[in-house]
Amino acid sequence: MSSTISDADIAAVIDSDQNRLVSPDGSRVARAIFSSEEIYQRELAEIFGKCWLPLGHESQLPRTGSFFTTFMGEDAVIVSRGRDGQIRVHLNACSHRGAKVCLEDTGTANTFTCPYHAWTFANDGRLVGVTFEEQYYKNPPLDKGKLGLTPVAQVDTIHGMIFATFDPNAVPLREALGGMVPFLDAIFDRREGGMEVVGQPVKWRIPTNWKIYQDNFAGDEYHIGFTHGSSLEAIRFSDEQFLAGLVHCAVDGGHGFAANFDPPDGSEPYLPLNQPVEAFSPETREYMQSCLAEAEERVSAIHLRCQLAAGTVFPNWSLLPIFHTFRVCHPKGPNEIELWAYTFVDRDAPEHVKRELAGYYNFSFGPAGIVEQDDGAIWESITRTAQGTQGSRGFSSYEMGAGTEYWHEGLGCWMTDKLSEAAQRSFFREWSRRMEGGK
Amino acid sequence: MSTEMLQTTETGTCTAGTPGELVDMAAWFEVQRFLTEEARLLDHRCYEEWLALFTEDMRYWVPARKVRMISGKPGDRAVDLELSADGEPCVLDERLPQLQLRVFRMQTARLLWCDNPPGRVRHLITNVEASYTDKPDELAVRSNFLVPHARFDEKGTQFHGERQDILRRTGGSFKIASRKVVLDSTVIWSPAVTTFF
């Protein structure tokens with residue numbers, strides 16, 4: 001990278017009103033933040049080191065001893081269910097030398113044995129076995145109680161979705177999600193039994209900065225008709241009609257999304273997850289209809305009718321409930337991300353319905369989806385232009401509808417009645433606040 | 001044997017060979033030629049012609065792959081244990097109507113940002129093994145592929161793995177009734193899988 005930014009430079013631009021990396025309203029964002037290694041290192045500490053991060057779902061840990069591995073920032077972690085049923089999260093690094101002690105994506109294990117010197121850890125993190133301890137660790141003795149796997153600071157769940165944070169001082173999960181909670185209820189808690197994740201996430205790499213991806217998911221419906229023009233033409237999707245029915249919502253805490261909002265007036269039932277129902281078999285359509293009454297009982301009526309189409313939960317959780325998927329975006333350096341796309345369905349849905357809903361996603365989304373394919377190279381080019389000496393000094397515009405956000409009391413979030421970049425502004429304001437140390 | 005088999009296949013009465021047994025040299029040559037032609041159609045962006053190589057009831061399936069430890073138990077090394085099961089999230093699972101839409105889209109070229117300017121691919125198809133099945137008009141064919149993909153001024157990426165095909169005899173040639181693509185990578189190191197394997 002030709003332009004480098006020191007910590008002092010970062011402090012200077014953040015402190016100066018004229019040259020802030022993110023303008024106070026979030027409508028002007030310095031391009032340097034999409035490529036700078038220094039900024040990225042600070043993000044790993046201030047954002048991925050302190051925020052609640054999504055790890056997966058309880059349904060991926062069906063029994064005691066179940067585990068899966070994932071990342072928090074660039075740190076590899078093991079998420080496991082102990083004998084006591086409790087879910088714990090530890091760094092996937094041996095306390096002896098730091099080798100990974102779990103080499104699999106998922107499985108069942110009561111212990112993890114390091115491949116280097118065979119130190120063995122219980123799935124609750126305790127060091128339970130040290131090779132040749134009697135022969136070689138007698139004098140001085142080893143304090144095994146202090147040499148367990150390193151736990152994260154806090155673990156919590158919402159609707160079975162597992163989150164963790166490295167920050168012992170982080171506010172509780174529900175407080176961090178704040179105004180997002182009722183919108184999450186409307187997606188994940190519409191039925192008794194909630195939802196479950198099907199199989200394993202599909203994973204792919206995109207050479208771009210993580211914020212470019214998250215900004216797109218937060219609220220970039222502006223690009224759809226043009227970037228995805230060829231796909232929309234093939235599936236005869238009317239972009240203008242789609243945009244005309246959209247609102248953008250910005251939830252305090254940096255979360256944001258596009259939604260279809262039909263305020264309840266007591267007459268019309270809401271559409272379940274805004275599905276293009278003609279895409280499904282009569283049995284699946286009937287199932288979707290049959291769930292309406294239950295959802296009405298469980299979830300706030302107004303949030304049920306403000307259906308999230310695509311959105312970002314700060315910092316790296318993306319939601320696309322229409323397609324029964326959520327993603328976690330793992331940063332892999334300032335210019336690379338690894339996306340993990342999960343498929344979820346109602347736990348108590350009939351098997352054939354689960355299969356049909358789960359299978360709906362692949363044609364359009366994922367690394368081979370005809371819609372999603374078009375984004376990658378464009379996002380990559382943004383990272384590249386931000387690497388240029390001149391390019392890194394430029395700014396990106398998030399001005400659409402700036403200042404038109406109003407507080408919606410019923411929904412408990414900021415909103416624009418039509419297409420805007422309000423959600424992205426919210427994302428970058430929170431990014432800026434976090435980078436300044438959470439002030 | 002091969003000529004005889006071809007003729008009898010056209011009448012739909014061929015008993016082919018013992019299921020699981022490798023085909024003879026002439027039939028193997030036919031399969032090899034078919035796969036090479038198919039590869040050329042993909043490399044030369046002749047997607048409509050490529051699409052015509054599939055049967056009406058075709059399936060094109062690319063499972064996802066996970067990282068898994070093996071035990072010493074018999075059968076526990078099977079590659080299939082690392083693949084997403086039928087119905088689980090995967091890279092692609094398409095029937096003819098979806099594949100037709102994909103090709104339609106590729107042909108329009110307009111607003112095709114994932115492949116315009118187009119990527120450049122080479123389908124290197126090797127290790128072709130063809131065997132008889134319990135259906136007289138179908139062969140089970142395995143092949144390995146290496147597909148380098150380059151685009152713009154970038155060094156590009158490589159896809160590699162194994163194809164497990166069911167080729168059905170139609171007239172004097174074959175059509176692909178089913179293709180399962182076993183990718184070697186767990187993470188797809190590409191922002192877009194725009195080619196076919």
# chains A, B, ... in the order shown; residues from 1 in each chain; ligands from 1
$ closest_atom_pairs --of "chain B" --to "chain A" --cutoff "10 Å" --atoms "only C-alpha atoms" --output "Markdown table"
| residue | atom | partner | partner_atom | distance |
| --- | --- | --- | --- | --- |
| B:Val62 | CA | A:Ala368 | CA | 9.9 |
| B:Pro63 | CA | A:Val202 | CA | 9.4 |
| B:Ala64 | CA | A:Val202 | CA | 6.3 |
| B:Arg65 | CA | A:Val202 | CA | 8.2 |
| B:Lys66 | CA | A:Asp105 | CA | 6.4 |
| B:Val67 | CA | A:Glu104 | CA | 5.2 |
| B:Arg68 | CA | A:Glu104 | CA | 5.1 |
| B:Met69 | CA | A:Glu104 | CA | 6.3 |
| B:Leu83 | CA | A:Gln200 | CA | 9.8 |
| B:Ser84 | CA | A:Gly199 | CA | 7.0 |
| B:Ala85 | CA | A:Gly199 | CA | 8.0 |
| B:Asp86 | CA | A:Arg355 | CA | 9.5 |
| B:Gly87 | CA | A:Arg355 | CA | 6.0 |
| B:Glu88 | CA | A:Gly199 | CA | 5.3 |
| B:Pro89 | CA | A:Gly199 | CA | 6.2 |
| B:Cys90 | CA | A:Val202 | CA | 6.5 |
| B:Val91 | CA | A:Ala368 | CA | 6.4 |
| B:Leu92 | CA | A:Asn362 | CA | 6.0 |
| B:Asp93 | CA | A:Asn362 | CA | 7.2 |
| B:Glu94 | CA | A:Phe363 | CA | 7.5 |
| B:Gln98 | CA | A:Phe363 | CA | 7.2 |
| B:Leu99 | CA | A:Phe363 | CA | 9.2 |
| B:Gln100 | CA | A:Ala234 | CA | 9.6 |
| B:Leu101 | CA | A:Ala234 | CA | 6.1 |
| B:Arg102 | CA | A:Ile370 | CA | 7.0 |
| B:Val103 | CA | A:Ala234 | CA | 9.4 |
| B:Phe104 | CA | A:Ala234 | CA | 6.8 |
| B:Arg105 | CA | A:Ala234 | CA | 5.8 |
| B:Met106 | CA | A:Ser230 | CA | 8.1 |
| B:Gln107 | CA | A:Ser230 | CA | 9.7 |
| B:Thr108 | CA | A:Ser230 | CA | 7.3 |
| B:Ala109 | CA | A:Ser230 | CA | 7.5 |
| B:Arg110 | CA | A:Ser230 | CA | 6.1 |
| B:Leu111 | CA | A:Ser230 | CA | 5.1 |
| B:Leu112 | CA | A:Ser230 | CA | 5.4 |
| B:Trp113 | CA | A:Asp374 | CA | 5.2 |
| B:Cys114 | CA | A:Asp374 | CA | 4.3 |
| B:Asp115 | CA | A:Asp374 | CA | 8.0 |
| B:Asn116 | CA | A:Asp374 | CA | 9.8 |
| B:Arg151 | CA | A:Ala377 | CA | 9.7 |
| B:Phe152 | CA | A:Ala377 | CA | 9.8 |
| B:Ser185 | CA | A:Lys203 | CA | 9.7 |
| B:Thr186 | CA | A:Lys203 | CA | 7.0 |
| B:Val187 | CA | A:Lys203 | CA | 4.9 |
| B:Ile188 | CA | A:Trp204 | CA | 4.4 |
| B:Trp189 | CA | A:Arg205 | CA | 5.0 |
| B:Ser190 | CA | A:Arg205 | CA | 5.6 |
| B:Pro191 | CA | A:Ile206 | CA | 4.7 |
| B:Ala192 | CA | A:Gln373 | CA | 4.7 |
| B:Val193 | CA | A:Ala368 | CA | 4.8 |
| B:Thr194 | CA | A:Ala368 | CA | 6.6 |
| B:Thr195 | CA | A:Ala368 | CA | 8.9 |
| B:Phe196 | CA | A:Ala368 | CA | 9.7 |
$ residues_around --residues "stretch 418-420 of chain A" --least-positions-apart "3" --cutoff "12 Å" --atoms "only C-alpha atoms" --output "number ranges by chain"
A: 27, 218-224, 240, 242-250, 256-261, 397-406, 414-415, 423-426
$ residues_around --residues "A:Met180" --least-positions-apart "3" --cutoff "8 Å" --atoms "only C-alpha atoms" --output "JSON, numbers by chain"
{"A": [177, 183, 184, 251, 255, 313]}
$ write_last_selection --atoms "C-alpha atoms" --output "mmCIF file, in the first residue's frame"
data_model
loop_
_atom_site.group_PDB
_atom_site.id
_atom_site.type_symbol
_atom_site.label_atom_id
_atom_site.label_comp_id
_atom_site.auth_asym_id
_atom_site.auth_seq_id
_atom_site.Cartn_x
_atom_site.Cartn_y
_atom_site.Cartn_z
ATOM 1 C CA LEU A 177 -28.728 -5.128 20.052
ATOM 2 C CA PHE A 183 -37.018 -6.877 14.466
ATOM 3 C CA LEU A 184 -35.042 -10.055 15.275
ATOM 4 C CA VAL A 251 -31.259 1.393 14.546
ATOM 5 C CA HIS A 255 -27.503 -1.499 12.792
ATOM 6 C CA VAL A 313 -26.268 -5.954 12.652
#
$ residues_around --residues "A:Phe34" --least-positions-apart "5" --cutoff "10 Å" --atoms "only C-alpha atoms" --output "PDB file with N, CA and C atoms, in the first residue's frame"
ATOM      1  N   VAL A  29     -17.281   9.609   4.000  1.00  0.00           N
ATOM      2  CA  VAL A  29     -16.405   8.605   4.613  1.00  0.00           C
ATOM      3  C   VAL A  29     -15.083   8.558   3.853  1.00  0.00           C
ATOM      4  N   ILE A  39      -5.587   1.241  10.136  1.00  0.00           N
ATOM      5  CA  ILE A  39      -6.997   1.314  10.536  1.00  0.00           C
ATOM      6  C   ILE A  39      -7.513  -0.086  10.856  1.00  0.00           C
ATOM      7  N   TYR A  40      -7.119  -1.029  10.016  1.00  0.00           N
ATOM      8  CA  TYR A  40      -7.597  -2.399  10.195  1.00  0.00           C
ATOM      9  C   TYR A  40      -7.153  -2.964  11.549  1.00  0.00           C
ATOM     10  N   THR A 208     -12.013  -7.875  -0.587  1.00  0.00           N
ATOM     11  CA  THR A 208     -12.526  -6.531  -0.338  1.00  0.00           C
ATOM     12  C   THR A 208     -12.452  -6.248   1.168  1.00  0.00           C
ATOM     13  N   ASN A 209     -12.654  -5.005   1.518  1.00  0.00           N
ATOM     14  CA  ASN A 209     -12.674  -4.626   2.929  1.00  0.00           C
ATOM     15  C   ASN A 209     -14.035  -4.990   3.538  1.00  0.00           C
ATOM     16  N   TRP A 210     -14.020  -5.432   4.779  1.00  0.00           N
ATOM     17  CA  TRP A 210     -15.257  -5.930   5.407  1.00  0.00           C
ATOM     18  C   TRP A 210     -16.353  -4.872   5.467  1.00  0.00           C
ATOM     19  N   LYS A 211     -15.972  -3.599   5.580  1.00  0.00           N
ATOM     20  CA  LYS A 211     -16.996  -2.555   5.712  1.00  0.00           C
ATOM     21  C   LYS A 211     -17.724  -2.302   4.394  1.00  0.00           C
ATOM     22  N   ILE A 212     -17.044  -2.568   3.272  1.00  0.00           N
ATOM     23  CA  ILE A 212     -17.708  -2.395   1.980  1.00  0.00           C
ATOM     24  C   ILE A 212     -18.857  -3.395   1.867  1.00  0.00           C
ATOM     25  N   PRO A 334      -7.054  -6.086   5.691  1.00  0.00           N
ATOM     26  CA  PRO A 334      -7.843  -4.931   5.243  1.00  0.00           C
ATOM     27  C   PRO A 334      -8.489  -5.140   3.880  1.00  0.00           C
ATOM     28  N   ASN A 335      -7.962  -6.081   3.102  1.00  0.00           N
ATOM     29  CA  ASN A 335      -8.453  -6.231   1.734  1.00  0.00           C
ATOM     30  C   ASN A 335      -9.050  -7.605   1.450  1.00  0.00           C
ATOM     31  N   ILE A 382     -13.319  -1.376  -5.330  1.00  0.00           N
ATOM     32  CA  ILE A 382     -13.362  -0.263  -4.373  1.00  0.00           C
ATOM     33  C   ILE A 382     -12.137  -0.317  -3.461  1.00  0.00           C
ATOM     34  N   THR A 383     -11.822  -1.538  -3.003  1.00  0.00           N
ATOM     35  CA  THR A 383     -10.625  -1.702  -2.178  1.00  0.00           C
ATOM     36  C   THR A 383      -9.385  -1.270  -2.955  1.00  0.00           C
ATOM     37  N   ARG A 384      -9.336  -1.662  -4.225  1.00  0.00           N
ATOM     38  CA  ARG A 384      -8.162  -1.354  -5.038  1.00  0.00           C
ATOM     39  C   ARG A 384      -8.002   0.158  -5.243  1.00  0.00           C
ATOM     40  N   THR A 385      -9.097   0.838  -5.553  1.00  0.00           N
ATOM     41  CA  THR A 385      -8.956   2.282  -5.798  1.00  0.00           C
ATOM     42  C   THR A 385      -8.582   2.998  -4.502  1.00  0.00           C
ATOM     43  N   ALA A 386      -8.996   2.416  -3.370  1.00  0.00           N
ATOM     44  CA  ALA A 386      -8.655   3.038  -2.082  1.00  0.00           C
ATOM     45  C   ALA A 386      -7.206   2.786  -1.691  1.00  0.00           C
ATOM     46  N   GLN A 387      -6.504   1.952  -2.462  1.00  0.00           N
ATOM     47  CA  GLN A 387      -5.091   1.699  -2.194  1.00  0.00           C
ATOM     48  C   GLN A 387      -4.198   2.733  -2.884  1.00  0.00           C
ATOM     49  N   SER A 392      -6.708   7.049  -1.930  1.00  0.00           N
ATOM     50  CA  SER A 392      -6.881   6.900  -0.483  1.00  0.00           C
ATOM     51  C   SER A 392      -7.190   8.230   0.184  1.00  0.00           C
TER      52      SER A 392
END
$ select_by_dssp --residues "stretch 13-194 of chain B" --states "strand (DSSP E or B)" --output "number ranges by chain"
B: 22, 54-63, 65, 83, 90-94, 120-121, 124-132, 138-150, 157-170, 173-183, 187-188
$ atom_distance --atom1 "atom CA of B:Val147" --atom2 "atom CA of B:Leu81"
24.1 Å
$ decode --residues "stretch 57-100 of chain B" --atoms "N, CA and C atoms" --output "mmCIF file, in the first residue's frame"
data_model
loop_
_atom_site.group_PDB
_atom_site.id
_atom_site.type_symbol
_atom_site.label_atom_id
_atom_site.label_comp_id
_atom_site.auth_asym_id
_atom_site.auth_seq_id
_atom_site.Cartn_x
_atom_site.Cartn_y
_atom_site.Cartn_z
ATOM 1 N N ASP B 57 -34.143 -34.144 -17.616
ATOM 2 C CA ASP B 57 -34.277 -34.450 -16.181
ATOM 3 C C ASP B 57 -32.950 -34.301 -15.438
ATOM 4 N N MET B 58 -32.071 -33.494 -15.982
ATOM 5 C CA MET B 58 -30.709 -33.373 -15.438
ATOM 6 C C MET B 58 -30.682 -32.779 -14.034
ATOM 7 N N ARG B 59 -29.565 -33.028 -13.357
ATOM 8 C CA ARG B 59 -29.274 -32.345 -12.105
ATOM 9 C C ARG B 59 -27.789 -31.980 -12.115
ATOM 10 N N TYR B 60 -27.499 -30.762 -11.686
ATOM 11 C CA TYR B 60 -26.109 -30.285 -11.590
ATOM 12 C C TYR B 60 -25.912 -29.850 -10.149
ATOM 13 N N TRP B 61 -25.099 -30.612 -9.427
ATOM 14 C CA TRP B 61 -25.025 -30.441 -7.975
ATOM 15 C C TRP B 61 -23.579 -30.247 -7.534
ATOM 16 N N VAL B 62 -23.330 -29.164 -6.824
ATOM 17 C CA VAL B 62 -21.998 -28.900 -6.265
ATOM 18 C C VAL B 62 -22.148 -28.817 -4.742
ATOM 19 N N PRO B 63 -21.906 -29.917 -4.029
ATOM 20 C CA PRO B 63 -22.030 -29.875 -2.562
ATOM 21 C C PRO B 63 -20.964 -28.970 -1.952
ATOM 22 N N ALA B 64 -21.239 -28.516 -0.714
ATOM 23 C CA ALA B 64 -20.210 -27.805 0.054
ATOM 24 C C ALA B 64 -19.356 -28.849 0.766
ATOM 25 N N ARG B 65 -18.202 -28.433 1.224
ATOM 26 C CA ARG B 65 -17.264 -29.393 1.815
ATOM 27 C C ARG B 65 -16.820 -28.906 3.183
ATOM 28 N N LYS B 66 -16.764 -29.802 4.142
ATOM 29 C CA LYS B 66 -16.328 -29.383 5.472
ATOM 30 C C LYS B 66 -15.013 -30.059 5.851
ATOM 31 N N VAL B 67 -14.354 -29.508 6.859
ATOM 32 C CA VAL B 67 -13.113 -30.074 7.374
ATOM 33 C C VAL B 67 -13.463 -31.065 8.467
ATOM 34 N N ARG B 68 -12.993 -32.285 8.339
ATOM 35 C CA ARG B 68 -13.416 -33.365 9.236
ATOM 36 C C ARG B 68 -12.241 -34.280 9.534
ATOM 37 N N MET B 69 -12.096 -34.672 10.794
ATOM 38 C CA MET B 69 -11.076 -35.657 11.163
ATOM 39 C C MET B 69 -11.597 -37.054 10.803
ATOM 40 N N ILE B 70 -10.671 -37.959 10.451
ATOM 41 C CA ILE B 70 -11.079 -39.337 10.173
ATOM 42 C C ILE B 70 -10.629 -40.231 11.318
ATOM 43 N N SER B 71 -11.337 -41.327 11.468
ATOM 44 C CA SER B 71 -10.929 -42.332 12.446
ATOM 45 C C SER B 71 -10.388 -43.523 11.673
ATOM 46 N N GLY B 72 -9.904 -44.516 12.400
ATOM 47 C CA GLY B 72 -9.386 -45.696 11.726
ATOM 48 C C GLY B 72 -10.474 -46.670 11.299
ATOM 49 N N LYS B 73 -11.728 -46.321 11.605
ATOM 50 C CA LYS B 73 -12.819 -47.250 11.290
ATOM 51 C C LYS B 73 -12.964 -47.439 9.782
ATOM 52 N N PRO B 74 -13.330 -48.643 9.359
ATOM 53 C CA PRO B 74 -13.499 -48.875 7.922
ATOM 54 C C PRO B 74 -14.524 -47.905 7.347
ATOM 55 N N GLY B 75 -14.208 -47.349 6.210
ATOM 56 C CA GLY B 75 -15.146 -46.465 5.519
ATOM 57 C C GLY B 75 -15.108 -45.028 5.988
ATOM 58 N N ASP B 76 -14.408 -44.764 7.084
ATOM 59 C CA ASP B 76 -14.452 -43.415 7.638
ATOM 60 C C ASP B 76 -13.590 -42.411 6.871
ATOM 61 N N ARG B 77 -12.834 -42.907 5.882
ATOM 62 C CA ARG B 77 -12.049 -41.980 5.056
ATOM 63 C C ARG B 77 -12.829 -41.488 3.842
ATOM 64 N N ALA B 78 -14.052 -41.963 3.687
ATOM 65 C CA ALA B 78 -14.818 -41.651 2.471
ATOM 66 C C ALA B 78 -14.986 -40.146 2.297
ATOM 67 N N VAL B 79 -14.686 -39.706 1.099
ATOM 68 C CA VAL B 79 -14.806 -38.282 0.772
ATOM 69 C C VAL B 79 -16.234 -37.782 0.996
ATOM 70 N N ASP B 80 -17.211 -38.639 0.707
ATOM 71 C CA ASP B 80 -18.606 -38.216 0.836
ATOM 72 C C ASP B 80 -18.947 -37.722 2.242
ATOM 73 N N LEU B 81 -18.222 -38.212 3.249
ATOM 74 C CA LEU B 81 -18.495 -37.782 4.625
ATOM 75 C C LEU B 81 -18.120 -36.312 4.839
ATOM 76 N N GLU B 82 -17.327 -35.763 3.945
ATOM 77 C CA GLU B 82 -16.954 -34.346 4.042
ATOM 78 C C GLU B 82 -17.900 -33.443 3.244
ATOM 79 N N LEU B 83 -18.833 -34.054 2.525
ATOM 80 C CA LEU B 83 -19.690 -33.257 1.635
ATOM 81 C C LEU B 83 -21.035 -32.986 2.279
ATOM 82 N N SER B 84 -21.624 -31.846 1.931
ATOM 83 C CA SER B 84 -22.965 -31.549 2.411
ATOM 84 C C SER B 84 -23.919 -32.618 1.883
ATOM 85 N N ALA B 85 -24.829 -33.069 2.741
ATOM 86 C CA ALA B 85 -25.790 -34.099 2.338
ATOM 87 C C ALA B 85 -26.813 -33.494 1.379
ATOM 88 N N ASP B 86 -27.476 -34.362 0.662
ATOM 89 C CA ASP B 86 -28.546 -33.947 -0.241
ATOM 90 C C ASP B 86 -29.551 -33.108 0.550
ATOM 91 N N GLY B 87 -29.833 -31.900 0.080
ATOM 92 C CA GLY B 87 -30.796 -31.034 0.754
ATOM 93 C C GLY B 87 -30.167 -30.050 1.726
ATOM 94 N N GLU B 88 -28.887 -30.244 2.058
ATOM 95 C CA GLU B 88 -28.203 -29.288 2.930
ATOM 96 C C GLU B 88 -27.613 -28.152 2.090
ATOM 97 N N PRO B 89 -27.256 -27.040 2.753
ATOM 98 C CA PRO B 89 -26.685 -25.921 2.004
ATOM 99 C C PRO B 89 -25.471 -26.362 1.178
ATOM 100 N N CYS B 90 -25.424 -25.896 -0.052
ATOM 101 C CA CYS B 90 -24.382 -26.319 -0.977
ATOM 102 C C CYS B 90 -24.030 -25.138 -1.871
ATOM 103 N N VAL B 91 -23.112 -25.359 -2.797
ATOM 104 C CA VAL B 91 -22.714 -24.274 -3.698
ATOM 105 C C VAL B 91 -23.754 -24.112 -4.804
ATOM 106 N N LEU B 92 -24.166 -25.211 -5.382
ATOM 107 C CA LEU B 92 -25.189 -25.170 -6.422
ATOM 108 C C LEU B 92 -25.972 -26.477 -6.434
ATOM 109 N N ASP B 93 -27.263 -26.388 -6.736
ATOM 110 C CA ASP B 93 -28.074 -27.588 -6.934
ATOM 111 C C ASP B 93 -29.150 -27.204 -7.934
ATOM 112 N N GLU B 94 -28.911 -27.494 -9.204
ATOM 113 C CA GLU B 94 -29.777 -26.951 -10.240
ATOM 114 C C GLU B 94 -30.378 -28.025 -11.137
ATOM 115 N N ARG B 95 -31.565 -27.701 -11.607
ATOM 116 C CA ARG B 95 -32.221 -28.497 -12.641
ATOM 117 C C ARG B 95 -32.209 -27.654 -13.910
ATOM 118 N N LEU B 96 -32.739 -28.250 -14.974
ATOM 119 C CA LEU B 96 -32.642 -27.580 -16.267
ATOM 120 C C LEU B 96 -33.206 -26.151 -16.276
ATOM 121 N N PRO B 97 -34.380 -25.890 -15.677
ATOM 122 C CA PRO B 97 -34.906 -24.517 -15.757
ATOM 123 C C PRO B 97 -33.954 -23.470 -15.151
ATOM 124 N N GLN B 98 -33.314 -23.807 -14.036
ATOM 125 C CA GLN B 98 -32.374 -22.849 -13.440
ATOM 126 C C GLN B 98 -31.144 -22.654 -14.325
ATOM 127 N N LEU B 99 -30.663 -23.766 -14.858
ATOM 128 C CA LEU B 99 -29.474 -23.679 -15.705
ATOM 129 C C LEU B 99 -29.780 -22.886 -16.987
ATOM 130 N N GLN B 100 -30.992 -23.045 -17.475
ATOM 131 C CA GLN B 100 -31.408 -22.273 -18.663
ATOM 132 C C GLN B 100 -31.407 -20.774 -18.350
#
